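What follows is the content of data-v6.csv, which has CSV, C-alpha atoms and all ligand atoms:
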```csv
chain,number,residue,atom,x,y,z
A,1,MET,CA,-44.3,50.0,88.9
A,2,THR,CA,-46.3,47.8,86.7
A,3,THR,CA,-47.2,50.3,84.0
A,4,HIS,CA,-45.0,50.4,80.9
A,5,VAL,CA,-45.3,52.7,77.9
A,6,HIS,CA,-43.9,52.1,74.5
A,7,GLN,CA,-44.0,54.9,71.9
A,8,PHE,CA,-43.2,54.7,68.2
A,9,ILE,CA,-43.7,56.7,65.1
A,10,CYS,CA,-46.0,55.4,62.3
A,11,LEU,CA,-47.4,56.8,59.1
A,12,GLN,CA,-45.5,60.1,58.5
A,13,ASP,CA,-45.6,61.8,61.9
A,14,ASN,CA,-48.2,60.0,64.0
A,15,PHE,CA,-47.2,58.5,67.3
A,16,GLY,CA,-48.4,55.0,68.2
A,17,VAL,CA,-48.4,54.3,71.9
A,18,LEU,CA,-48.8,51.1,73.8
A,19,VAL,CA,-49.6,51.0,77.6
A,20,HIS,CA,-48.9,47.7,79.2
A,21,ASP,CA,-49.9,46.5,82.7
A,22,SER,CA,-47.3,43.8,83.6
A,23,ARG,CA,-49.4,42.6,86.6
A,24,SER,CA,-52.4,41.6,84.5
A,25,GLY,CA,-50.7,41.3,81.1
A,26,ALA,CA,-53.2,43.7,79.6
A,27,THR,CA,-52.0,46.1,76.8
A,28,ALA,CA,-53.8,49.1,75.3
A,29,ALA,CA,-53.0,51.0,72.2
A,30,ILE,CA,-53.8,54.7,72.2
A,31,ASP,CA,-55.5,55.3,68.9
A,32,ALA,CA,-55.0,53.2,65.8
A,33,PRO,CA,-53.1,55.1,63.1
A,34,ASP,CA,-51.7,52.0,61.4
A,35,ALA,CA,-52.7,48.4,62.3
A,36,ASP,CA,-49.6,46.8,61.0
A,37,ALA,CA,-47.3,49.2,62.9
A,38,VAL,CA,-49.3,48.7,66.1
A,39,VAL,CA,-49.2,44.9,65.7
A,40,ALA,CA,-45.5,44.9,65.0
A,41,ALA,CA,-44.8,47.1,68.0
A,42,ALA,CA,-46.8,44.9,70.3
A,43,ALA,CA,-45.1,41.8,69.0
A,44,ALA,CA,-41.7,43.3,69.5
A,45,GLN,CA,-42.5,44.0,73.1
A,46,GLY,CA,-44.0,40.5,73.6
A,47,TRP,CA,-47.4,42.1,74.4
A,48,THR,CA,-50.9,41.0,73.3
A,49,LEU,CA,-53.3,43.8,72.6
A,50,THR,CA,-56.4,43.7,74.8
A,51,ASP,CA,-57.7,47.2,74.6
A,52,LEU,CA,-57.9,50.2,72.2
A,53,LEU,CA,-58.4,53.7,73.6
A,54,ILE,CA,-59.5,56.2,70.9
A,55,THR,CA,-59.2,59.9,71.4
A,56,HIS,CA,-61.1,61.3,68.4
A,57,HIS,CA,-62.6,60.4,65.0
A,58,HIS,CA,-60.0,61.5,62.5
A,59,ALA,CA,-58.9,58.9,60.1
A,60,ASP,CA,-55.3,58.9,61.1
A,61,HIS,CA,-56.4,57.9,64.6
A,62,ILE,CA,-59.0,55.2,63.8
A,63,GLN,CA,-58.1,53.7,60.4
A,64,GLY,CA,-56.3,50.8,62.0
A,65,ILE,CA,-59.4,49.6,63.9
A,66,PRO,CA,-60.5,47.0,61.4
A,67,GLY,CA,-57.0,45.5,61.1
A,68,LEU,CA,-56.5,45.4,64.8
A,69,LYS,CA,-59.9,43.8,65.4
A,70,ALA,CA,-59.0,41.2,62.8
A,71,ARG,CA,-55.7,40.4,64.5
A,72,PHE,CA,-57.1,40.6,68.0
A,73,PRO,CA,-60.7,39.4,67.9
A,74,ASP,CA,-61.3,40.0,71.7
A,75,LEU,CA,-60.0,43.6,71.5
A,76,ARG,CA,-62.1,46.0,73.6
A,77,ILE,CA,-62.5,49.3,71.9
A,78,ALA,CA,-63.3,52.4,73.9
A,79,GLY,CA,-63.7,56.0,72.7
A,80,PRO,CA,-65.7,59.2,73.0
A,81,ALA,CA,-69.4,58.8,73.4
A,82,ARG,CA,-69.9,62.0,71.5
A,83,GLU,CA,-68.1,60.7,68.4
A,84,ALA,CA,-69.5,57.1,68.6
A,85,SER,CA,-71.4,57.4,65.3
A,86,ARG,CA,-68.4,58.8,63.5
A,87,ILE,CA,-66.0,56.2,64.8
A,88,GLY,CA,-68.2,53.1,64.8
A,89,ALA,CA,-67.0,49.8,66.4
A,90,LEU,CA,-66.8,51.2,69.9
A,91,ASP,CA,-67.6,48.7,72.7
A,92,MET,CA,-67.4,51.3,75.4
A,93,LEU,CA,-68.6,54.9,75.2
A,94,LEU,CA,-66.7,57.3,77.4
A,95,ARG,CA,-67.8,60.6,78.9
A,96,GLU,CA,-66.2,63.1,81.3
A,97,ASP,CA,-64.8,61.4,84.5
A,98,ASP,CA,-65.5,57.9,83.2
A,99,TYR,CA,-62.7,55.4,83.6
A,100,ALA,CA,-61.1,53.2,81.0
A,101,HIS,CA,-59.2,50.2,82.4
A,102,VAL,CA,-56.1,48.5,81.1
A,103,GLY,CA,-55.9,45.4,83.3
A,104,ASP,CA,-55.5,46.8,86.8
A,105,ILE,CA,-54.6,50.3,85.8
A,106,ALA,CA,-57.1,53.0,85.1
A,107,ALA,CA,-57.4,56.1,83.0
A,108,ARG,CA,-59.8,58.9,83.8
A,109,VAL,CA,-61.5,60.5,80.8
A,110,LEU,CA,-61.2,64.2,80.3
A,111,GLU,CA,-63.4,65.7,77.6
A,112,THR,CA,-61.4,68.3,75.6
A,113,PRO,CA,-63.5,69.5,72.7
A,114,GLY,CA,-61.9,71.8,70.1
A,115,HIS,CA,-59.8,69.9,67.6
A,116,THR,CA,-62.9,67.8,67.2
A,117,ALA,CA,-66.2,68.4,69.1
A,118,GLY,CA,-66.0,65.1,71.1
A,119,HIS,CA,-62.2,64.7,71.6
A,120,ILE,CA,-61.2,63.0,74.9
A,121,CYS,CA,-57.9,62.6,76.7
A,122,TYR,CA,-56.9,59.7,78.9
A,123,TRP,CA,-55.4,60.5,82.3
A,124,PHE,CA,-53.7,57.7,84.2
A,125,GLU,CA,-53.7,59.6,87.5
A,126,GLU,CA,-51.7,57.1,89.6
A,127,ASP,CA,-49.1,56.6,86.9
A,128,GLU,CA,-48.9,60.4,86.2
A,129,LEU,CA,-49.4,59.9,82.5
A,130,ALA,CA,-51.8,61.5,80.1
A,131,PHE,CA,-52.6,60.8,76.4
A,132,CYS,CA,-53.8,64.0,74.8
A,133,GLY,CA,-54.3,63.0,71.2
A,134,ASP,CA,-54.5,66.1,69.0
A,135,THR,CA,-55.6,68.5,71.7
A,136,LEU,CA,-52.2,69.4,73.2
A,137,PHE,CA,-48.9,69.0,71.4
A,138,ALA,CA,-45.4,69.7,72.7
A,139,LEU,CA,-45.1,73.5,72.1
A,140,GLY,CA,-48.4,73.5,70.2
A,141,CYS,CA,-52.0,72.4,70.1
A,142,GLY,CA,-54.3,70.9,67.5
A,143,ARG,CA,-56.0,72.9,64.8
A,144,VAL,CA,-59.5,73.8,65.9
A,145,PHE,CA,-61.9,72.3,63.4
A,146,GLU,CA,-65.3,71.7,65.0
A,147,THR,CA,-65.9,74.2,67.8
A,148,PRO,CA,-65.4,77.9,68.5
A,149,LEU,CA,-61.8,78.8,69.4
A,150,SER,CA,-62.8,79.6,73.0
A,151,VAL,CA,-63.9,76.0,73.5
A,152,MET,CA,-60.4,74.8,72.6
A,153,TRP,CA,-58.9,77.4,75.0
A,154,ASP,CA,-61.2,76.1,77.8
A,155,SER,CA,-59.9,72.5,77.0
A,156,LEU,CA,-56.3,73.5,77.1
A,157,ALA,CA,-56.8,75.5,80.3
A,158,LYS,CA,-58.6,72.5,81.8
A,159,LEU,CA,-55.6,70.2,81.1
A,160,ALA,CA,-53.2,72.8,82.6
A,161,ASP,CA,-55.5,73.1,85.6
A,162,ARG,CA,-56.3,69.5,86.3
A,163,LEU,CA,-53.1,67.7,85.5
A,164,PRO,CA,-50.2,68.0,88.0
A,165,GLY,CA,-47.1,69.6,86.5
A,166,GLU,CA,-45.1,66.5,86.6
A,167,THR,CA,-47.6,64.5,84.5
A,168,GLU,CA,-46.0,63.0,81.4
A,169,ILE,CA,-47.9,64.0,78.3
A,170,TYR,CA,-48.0,61.9,75.2
A,171,CYS,CA,-49.5,63.4,72.0
A,172,GLY,CA,-50.7,62.3,68.6
A,173,HIS,CA,-48.0,63.8,66.4
A,174,GLU,CA,-44.3,64.6,66.3
A,175,TYR,CA,-44.8,68.3,65.3
A,176,THR,CA,-42.5,69.7,68.0
A,177,GLU,CA,-39.7,71.1,65.8
A,178,ALA,CA,-42.0,73.2,63.7
A,179,ASN,CA,-44.0,74.2,66.8
A,180,ALA,CA,-40.7,75.4,68.4
A,181,ARG,CA,-40.0,77.6,65.4
A,182,PHE,CA,-43.5,79.2,65.7
A,183,ALA,CA,-43.2,79.5,69.5
A,184,LEU,CA,-40.0,81.5,69.1
A,185,THR,CA,-41.9,84.0,66.9
A,186,ILE,CA,-44.2,84.7,69.8
A,187,GLU,CA,-41.6,84.7,72.6
A,188,PRO,CA,-38.1,85.2,71.1
A,189,ASP,CA,-36.7,86.2,74.5
A,190,ASN,CA,-38.1,83.2,76.6
A,191,ALA,CA,-34.9,81.7,77.8
A,192,VAL,CA,-36.5,78.4,78.7
A,193,LEU,CA,-38.1,78.1,75.3
A,194,LYS,CA,-34.8,78.9,73.5
A,195,ALA,CA,-33.0,76.2,75.5
A,196,ARG,CA,-35.8,73.7,74.8
A,197,ALA,CA,-35.8,74.6,71.1
A,198,ALA,CA,-32.1,73.7,70.9
A,199,GLU,CA,-32.7,70.4,72.7
A,200,ILE,CA,-35.5,69.6,70.3
A,201,ALA,CA,-33.3,70.3,67.2
A,202,ALA,CA,-30.6,68.1,68.6
A,203,LEU,CA,-33.1,65.2,69.3
A,204,ARG,CA,-34.6,65.5,65.8
A,205,ALA,CA,-31.2,65.6,64.2
A,206,LEU,CA,-30.6,62.2,65.8
A,207,GLY,CA,-34.1,61.0,64.6
A,208,LYS,CA,-35.3,60.7,68.2
A,209,PRO,CA,-38.8,61.6,69.5
A,210,THR,CA,-39.3,64.8,71.4
A,211,LEU,CA,-42.1,63.3,73.5
A,212,PRO,CA,-43.3,62.8,76.2
A,213,THR,CA,-43.4,66.3,77.5
A,214,THR,CA,-44.8,67.5,80.9
A,215,ILE,CA,-47.4,70.0,81.8
A,216,ALA,CA,-44.8,72.0,83.6
A,217,ALA,CA,-42.6,72.2,80.5
A,218,GLU,CA,-45.5,73.2,78.4
A,219,LEU,CA,-46.6,75.9,80.9
A,220,ALA,CA,-43.1,77.4,80.7
A,221,THR,CA,-42.8,77.3,76.9
A,222,ASN,CA,-46.0,76.5,74.9
A,223,PRO,CA,-47.5,79.8,73.6
A,224,PHE,CA,-51.0,78.3,73.5
A,225,LEU,CA,-51.0,77.4,77.2
A,226,ARG,CA,-49.4,80.7,78.0
A,227,ALA,CA,-52.1,82.9,76.4
A,228,GLU,CA,-52.9,84.5,79.8
A,229,GLU,CA,-49.3,85.4,80.5
A,230,PRO,CA,-48.8,89.2,80.5
A,231,SER,CA,-45.5,88.7,78.5
A,232,VAL,CA,-47.3,86.7,75.8
A,233,GLN,CA,-50.2,89.1,75.6
A,234,ALA,CA,-47.8,92.1,75.3
A,235,ALA,CA,-45.8,90.2,72.6
A,236,ILE,CA,-48.9,89.9,70.4
A,237,GLY,CA,-50.0,93.4,71.1
A,238,MET,CA,-53.0,92.5,73.2
A,239,PRO,CA,-52.2,93.4,76.8
A,240,GLY,CA,-54.8,92.7,79.4
A,241,VAL,CA,-57.1,90.9,77.0
A,242,ASP,CA,-59.3,87.8,77.8
A,243,PRO,CA,-57.0,84.8,77.5
A,244,ALA,CA,-59.4,83.1,75.1
A,245,ALA,CA,-58.9,86.1,72.7
A,246,ALA,CA,-55.2,85.9,73.1
A,247,PHE,CA,-55.3,82.2,72.4
A,248,ALA,CA,-57.5,82.8,69.3
A,249,GLU,CA,-54.9,85.3,68.0
A,250,ILE,CA,-52.0,82.9,68.5
A,251,ARG,CA,-53.9,80.0,66.9
A,252,ALA,CA,-54.7,82.2,63.9
A,253,ARG,CA,-51.0,83.2,63.6
A,254,LYS,CA,-50.0,79.5,63.7
A,255,ASP,CA,-52.6,78.6,61.0
A,256,ARG,CA,-50.9,81.1,58.7
A,257,PHE,CA,-47.3,80.2,59.8
B,301,ZN,ZN,-56.9,64.8,64.6
```
Translate the structure described by the file into structure tokens.
Amino acid sequence: MTTHVHQFICLQDNFGVLVHDSRSGATAAIDAPDADAVVAAAAAQGWTLTDLLITHHHADHIQGIPGLKARFPDLRIAGPAREASRIGALDMLLREDDYAHVGDIAARVLETPGHTAGHICYWFEEDELAFCGDTLFALGCGRVFETPLSVMWDSLAKLADRLPGETEIYCGHEYTEANARFALTIEPDNAVLKARAAEIAALRALGKPTLPTTIAAELATNPFLRAEEPSVQAAIGMPGVDPAAAFAEIRARKDRF
């Protein structure tokens, strides 16, 4: 195993993540919430940043780009082609099924519009890792700002369909404890969810992160990924409905939660 992942909290509740290939020495940051925090995390690991992989254009994911570029002048910056003009500074424009490389390891690009219209995820297939930005969260999903709700549902269903269950999922934010409280309003009798909520509360009480998660864990507990489950549809009073409609109802309830 030559792939190493280091996750850390920065700003308020953003995750910074570094992916390091020990064979080549290459290191990528996933998004750039805070240049100083990313530089410090890389230094603490003894890693030199070579690549930056951007998921979407929101400020709390790109505002560290100038600081990282100043510190690492050879930094290669990759990001979604569909948001190139809003991000700027991209050296490599990525589309569906393109590959981004970190030394000898490769991430396949999955376009997941919804939270933003051009959002992409990075799937390191061989390493069974995926970086989902603000599309999928542990027990939640991103707010849908730039597309119809059905587009976000299609993106979540795509992640659930394409990524094997054991894939480790890293996300843009530590929102899990609040997401668990909301998930329990949808499925108060889901025993797996109840057990997970208790584990999450214990981790947060110790100040520990609740990520990464896995696709399998999300399929068992995340109400947004479970919008086609008969039990979830019954719980929201919409039995037999199109899953995109159930998703839209759950997302609307979360927005008001
Ligand atoms: Zn965002």
Once you count only C-alpha atoms and all ligand atoms, which residues end up within 10 Å of ligand ZN 301 (chain B), and could you hand them over as a compact mmCIF listing (two decimals) with C-alpha atoms, keeping the file's coordinate frame?
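Full text of out20.txt as output:
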```txt
# COMPACT_ATOMS: atom_id res chain seq x y z
CA ASN A 14 -48.20 60.00 64.00
CA THR A 55 -59.20 59.90 71.40
CA HIS A 56 -61.10 61.30 68.40
CA HIS A 57 -62.60 60.40 65.00
CA HIS A 58 -60.00 61.50 62.50
CA ALA A 59 -58.90 58.90 60.10
CA ASP A 60 -55.30 58.90 61.10
CA HIS A 61 -56.40 57.90 64.60
CA ILE A 62 -59.00 55.20 63.80
CA HIS A 115 -59.80 69.90 67.60
CA THR A 116 -62.90 67.80 67.20
CA HIS A 119 -62.20 64.70 71.60
CA GLY A 133 -54.30 63.00 71.20
CA ASP A 134 -54.50 66.10 69.00
CA THR A 135 -55.60 68.50 71.70
CA GLY A 142 -54.30 70.90 67.50
CA ARG A 143 -56.00 72.90 64.80
CA VAL A 144 -59.50 73.80 65.90
CA PHE A 145 -61.90 72.30 63.40
CA GLY A 172 -50.70 62.30 68.60
CA HIS A 173 -48.00 63.80 66.40
```
Given only C-alpha atoms as the counted atoms, nearest of A:Tyr122, A:Trp153, A:Phe131, A:Phe224 to Ile250 of chain A: A:Phe224
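Separating atom CA of Ala157 of chain A from atom CA of Phe247 of chain A is a distance of 10.5 Å.
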Contacts of Ser24 of chain A at 9 Å (only C-alpha atoms; same-chain gap of 5+ positions) as a ChimeraX atom specification: /A:2,102-104
For Pro243 of chain A, which residue among A:Arg162, A:Lys194, A:Arg226, A:Arg256 is the nearest when counting all atoms listed in the file?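 For Pro243 of chain A, the nearest of the candidates is A:Arg226.
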Go through A:Met238, A:Ala35, A:Ile54, A:Val5 and flag the residue nearest Asp21 of chain A, using all atoms listed in the file for the distances. A:Val5
Could you please determine the separation between atom CA of Ala160 of chain A and atom CA of Ile215 of chain A in Å, to one decimal place?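 Between atom CA of Ala160 of chain A and atom CA of Ile215 of chain A the gap works out to 6.5 Å.
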Residues at most 12 Å from Leu184 of chain A, counting only C-alpha atoms, excluding those fewer than 6 positions away in the same chain, as a list in words?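 Residues near the query, excluding close chain neighbours: Leu139, Gly140, Glu177, Ala178, Asn190, Ala191, Val192, Leu193, Lys194, Ala195, Arg196, Ala197, Ala198, Thr221, Asn222, Pro223, Val232, Ala235, Lys254 and Phe257 of chain A.
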Selected residues written out with C-alpha atoms, as a short mmCIF file (atom, residue, chain, number, x, y, z; two decimals), keeping the file's coordinate frame:
```cif
data_model
loop_
_atom_site.label_atom_id
_atom_site.label_comp_id
_atom_site.auth_asym_id
_atom_site.auth_seq_id
_atom_site.Cartn_x
_atom_site.Cartn_y
_atom_site.Cartn_z
CA LEU A 139 -45.10 73.50 72.10
CA GLY A 140 -48.40 73.50 70.20
CA GLU A 177 -39.70 71.10 65.80
CA ALA A 178 -42.00 73.20 63.70
CA ASN A 190 -38.10 83.20 76.60
CA ALA A 191 -34.90 81.70 77.80
CA VAL A 192 -36.50 78.40 78.70
CA LEU A 193 -38.10 78.10 75.30
CA LYS A 194 -34.80 78.90 73.50
CA ALA A 195 -33.00 76.20 75.50
CA ARG A 196 -35.80 73.70 74.80
CA ALA A 197 -35.80 74.60 71.10
CA ALA A 198 -32.10 73.70 70.90
CA THR A 221 -42.80 77.30 76.90
CA ASN A 222 -46.00 76.50 74.90
CA PRO A 223 -47.50 79.80 73.60
CA VAL A 232 -47.30 86.70 75.80
CA ALA A 235 -45.80 90.20 72.60
CA LYS A 254 -50.00 79.50 63.70
CA PHE A 257 -47.30 80.20 59.80
#
```
Can you measure atom CA of Glu111 of chain A to atom CA of Ser22 of chain A for me? One decimal in Å is fine.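 Result for atom CA of Glu111 of chain A versus atom CA of Ser22 of chain A: 27.8 Å, one decimal.
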Select, from A:Val38, A:Ala234, A:Met92, A:Leu211, the residue with the minimum atom-to-atom distance to Ile169 of chain A, counting all atoms listed in the file.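 Among the listed residues, A:Leu211 lies closest to Ile169 of chain A.
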Excluding same-chain residues fewer than 4 positions from Gly16 of chain A, what lies within 8 Å of it counting all atoms listed in the file, as a list in words? Gln7, Phe8, Ile9, Cys10, Ala29, Ile30, Asp31, Ala32, Pro33, Ala37, Val38 and Gly172 of chain A
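The closest residue to Asp154 of chain A, picked from A:Leu52, A:Pro239, A:Ala227, A:Phe72 and counting all atoms listed in the file, is A:Ala227.
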Expected file for segment 10-42 of chain A keeping N, CA and C atoms, as an mmCIF file, in the first residue's frame:
```cif
data_model
loop_
_atom_site.group_PDB
_atom_site.id
_atom_site.type_symbol
_atom_site.label_atom_id
_atom_site.label_comp_id
_atom_site.auth_asym_id
_atom_site.auth_seq_id
_atom_site.Cartn_x
_atom_site.Cartn_y
_atom_site.Cartn_z
ATOM 1 N N CYS A 10 -10.272 22.178 9.377
ATOM 2 C CA CYS A 10 -9.784 23.553 9.287
ATOM 3 C C CYS A 10 -10.988 24.487 9.126
ATOM 4 N N LEU A 11 -10.716 25.798 9.173
ATOM 5 C CA LEU A 11 -11.803 26.765 9.296
ATOM 6 C C LEU A 11 -12.693 26.292 10.444
ATOM 7 N N GLN A 12 -14.001 26.354 10.292
ATOM 8 C CA GLN A 12 -14.889 25.907 11.373
ATOM 9 C C GLN A 12 -15.099 24.397 11.320
ATOM 10 N N ASP A 13 -15.625 23.943 10.199
ATOM 11 C CA ASP A 13 -16.028 22.543 10.083
ATOM 12 C C ASP A 13 -15.701 21.971 8.715
ATOM 13 N N ASN A 14 -14.749 22.603 8.008
ATOM 14 C CA ASN A 14 -14.279 22.023 6.745
ATOM 15 C C ASN A 14 -13.244 20.945 7.028
ATOM 16 N N PHE A 15 -13.248 19.904 6.211
ATOM 17 C CA PHE A 15 -12.158 18.947 6.247
ATOM 18 C C PHE A 15 -11.105 19.326 5.208
ATOM 19 N N GLY A 16 -9.840 19.351 5.637
ATOM 20 C CA GLY A 16 -8.740 19.315 4.698
ATOM 21 C C GLY A 16 -8.304 17.865 4.582
ATOM 22 N N VAL A 17 -7.896 17.455 3.372
ATOM 23 C CA VAL A 17 -7.427 16.092 3.184
ATOM 24 C C VAL A 17 -6.204 16.108 2.285
ATOM 25 N N LEU A 18 -5.206 15.327 2.677
ATOM 26 C CA LEU A 18 -4.021 15.125 1.851
ATOM 27 C C LEU A 18 -3.969 13.664 1.429
ATOM 28 N N VAL A 19 -3.606 13.440 0.160
ATOM 29 C CA VAL A 19 -3.417 12.090 -0.364
ATOM 30 C C VAL A 19 -1.963 11.997 -0.817
ATOM 31 N N HIS A 20 -1.240 11.039 -0.250
ATOM 32 C CA HIS A 20 0.206 10.939 -0.493
ATOM 33 C C HIS A 20 0.532 9.588 -1.121
ATOM 34 N N ASP A 21 1.330 9.632 -2.177
ATOM 35 C CA ASP A 21 1.826 8.412 -2.822
ATOM 36 C C ASP A 21 3.278 8.218 -2.386
ATOM 37 N N SER A 22 3.513 7.259 -1.509
ATOM 38 C CA SER A 22 4.861 7.127 -0.939
ATOM 39 C C SER A 22 5.872 6.592 -1.956
ATOM 40 N N ARG A 23 5.399 5.995 -3.056
ATOM 41 C CA ARG A 23 6.358 5.503 -4.069
ATOM 42 C C ARG A 23 6.979 6.685 -4.817
ATOM 43 N N SER A 24 6.138 7.607 -5.270
ATOM 44 C CA SER A 24 6.646 8.736 -6.064
ATOM 45 C C SER A 24 6.944 9.956 -5.197
ATOM 46 N N GLY A 25 6.369 10.014 -4.006
ATOM 47 C CA GLY A 25 6.521 11.194 -3.156
ATOM 48 C C GLY A 25 5.503 12.276 -3.429
ATOM 49 N N ALA A 26 4.624 12.061 -4.405
ATOM 50 C CA ALA A 26 3.619 13.081 -4.741
ATOM 51 C C ALA A 26 2.577 13.189 -3.635
ATOM 52 N N THR A 27 2.073 14.414 -3.446
ATOM 53 C CA THR A 27 1.019 14.649 -2.456
ATOM 54 C C THR A 27 -0.007 15.607 -3.032
ATOM 55 N N ALA A 28 -1.261 15.229 -2.914
ATOM 56 C CA ALA A 28 -2.354 16.107 -3.347
ATOM 57 C C ALA A 28 -3.153 16.561 -2.146
ATOM 58 N N ALA A 29 -3.616 17.811 -2.209
ATOM 59 C CA ALA A 29 -4.666 18.265 -1.296
ATOM 60 C C ALA A 29 -5.985 18.184 -2.042
ATOM 61 N N ILE A 30 -7.019 17.724 -1.339
ATOM 62 C CA ILE A 30 -8.362 17.782 -1.902
ATOM 63 C C ILE A 30 -8.976 19.090 -1.419
ATOM 64 N N ASP A 31 -9.195 20.002 -2.334
ATOM 65 C CA ASP A 31 -9.719 21.339 -2.053
ATOM 66 C C ASP A 31 -8.732 22.159 -1.205
ATOM 67 N N ALA A 32 -9.016 23.442 -1.143
ATOM 68 C CA ALA A 32 -8.090 24.380 -0.499
ATOM 69 C C ALA A 32 -8.860 25.336 0.398
ATOM 70 N N PRO A 33 -9.399 24.815 1.507
ATOM 71 C CA PRO A 33 -10.178 25.692 2.383
ATOM 72 C C PRO A 33 -9.325 26.761 3.071
ATOM 73 N N ASP A 34 -8.079 26.417 3.382
ATOM 74 C CA ASP A 34 -7.242 27.299 4.206
ATOM 75 C C ASP A 34 -5.779 26.957 3.918
ATOM 76 N N ALA A 35 -5.086 27.846 3.212
ATOM 77 C CA ALA A 35 -3.713 27.543 2.781
ATOM 78 C C ALA A 35 -2.802 27.243 3.969
ATOM 79 N N ASP A 36 -2.876 28.059 5.009
ATOM 80 C CA ASP A 36 -1.969 27.861 6.145
ATOM 81 C C ASP A 36 -2.181 26.493 6.786
ATOM 82 N N ALA A 37 -3.434 26.083 6.912
ATOM 83 C CA ALA A 37 -3.725 24.789 7.531
ATOM 84 C C ALA A 37 -3.227 23.639 6.663
ATOM 85 N N VAL A 38 -3.373 23.767 5.349
ATOM 86 C CA VAL A 38 -2.917 22.711 4.439
ATOM 87 C C VAL A 38 -1.386 22.639 4.454
ATOM 88 N N VAL A 39 -0.730 23.795 4.422
ATOM 89 C CA VAL A 39 0.739 23.825 4.472
ATOM 90 C C VAL A 39 1.236 23.185 5.771
ATOM 91 N N ALA A 40 0.607 23.544 6.873
ATOM 92 C CA ALA A 40 1.041 23.006 8.172
ATOM 93 C C ALA A 40 0.822 21.499 8.246
ATOM 94 N N ALA A 41 -0.310 21.034 7.712
ATOM 95 C CA ALA A 41 -0.594 19.593 7.751
ATOM 96 C C ALA A 41 0.415 18.824 6.899
ATOM 97 N N ALA A 42 0.736 19.362 5.722
ATOM 98 C CA ALA A 42 1.707 18.692 4.855
ATOM 99 C C ALA A 42 3.085 18.664 5.529
#
```
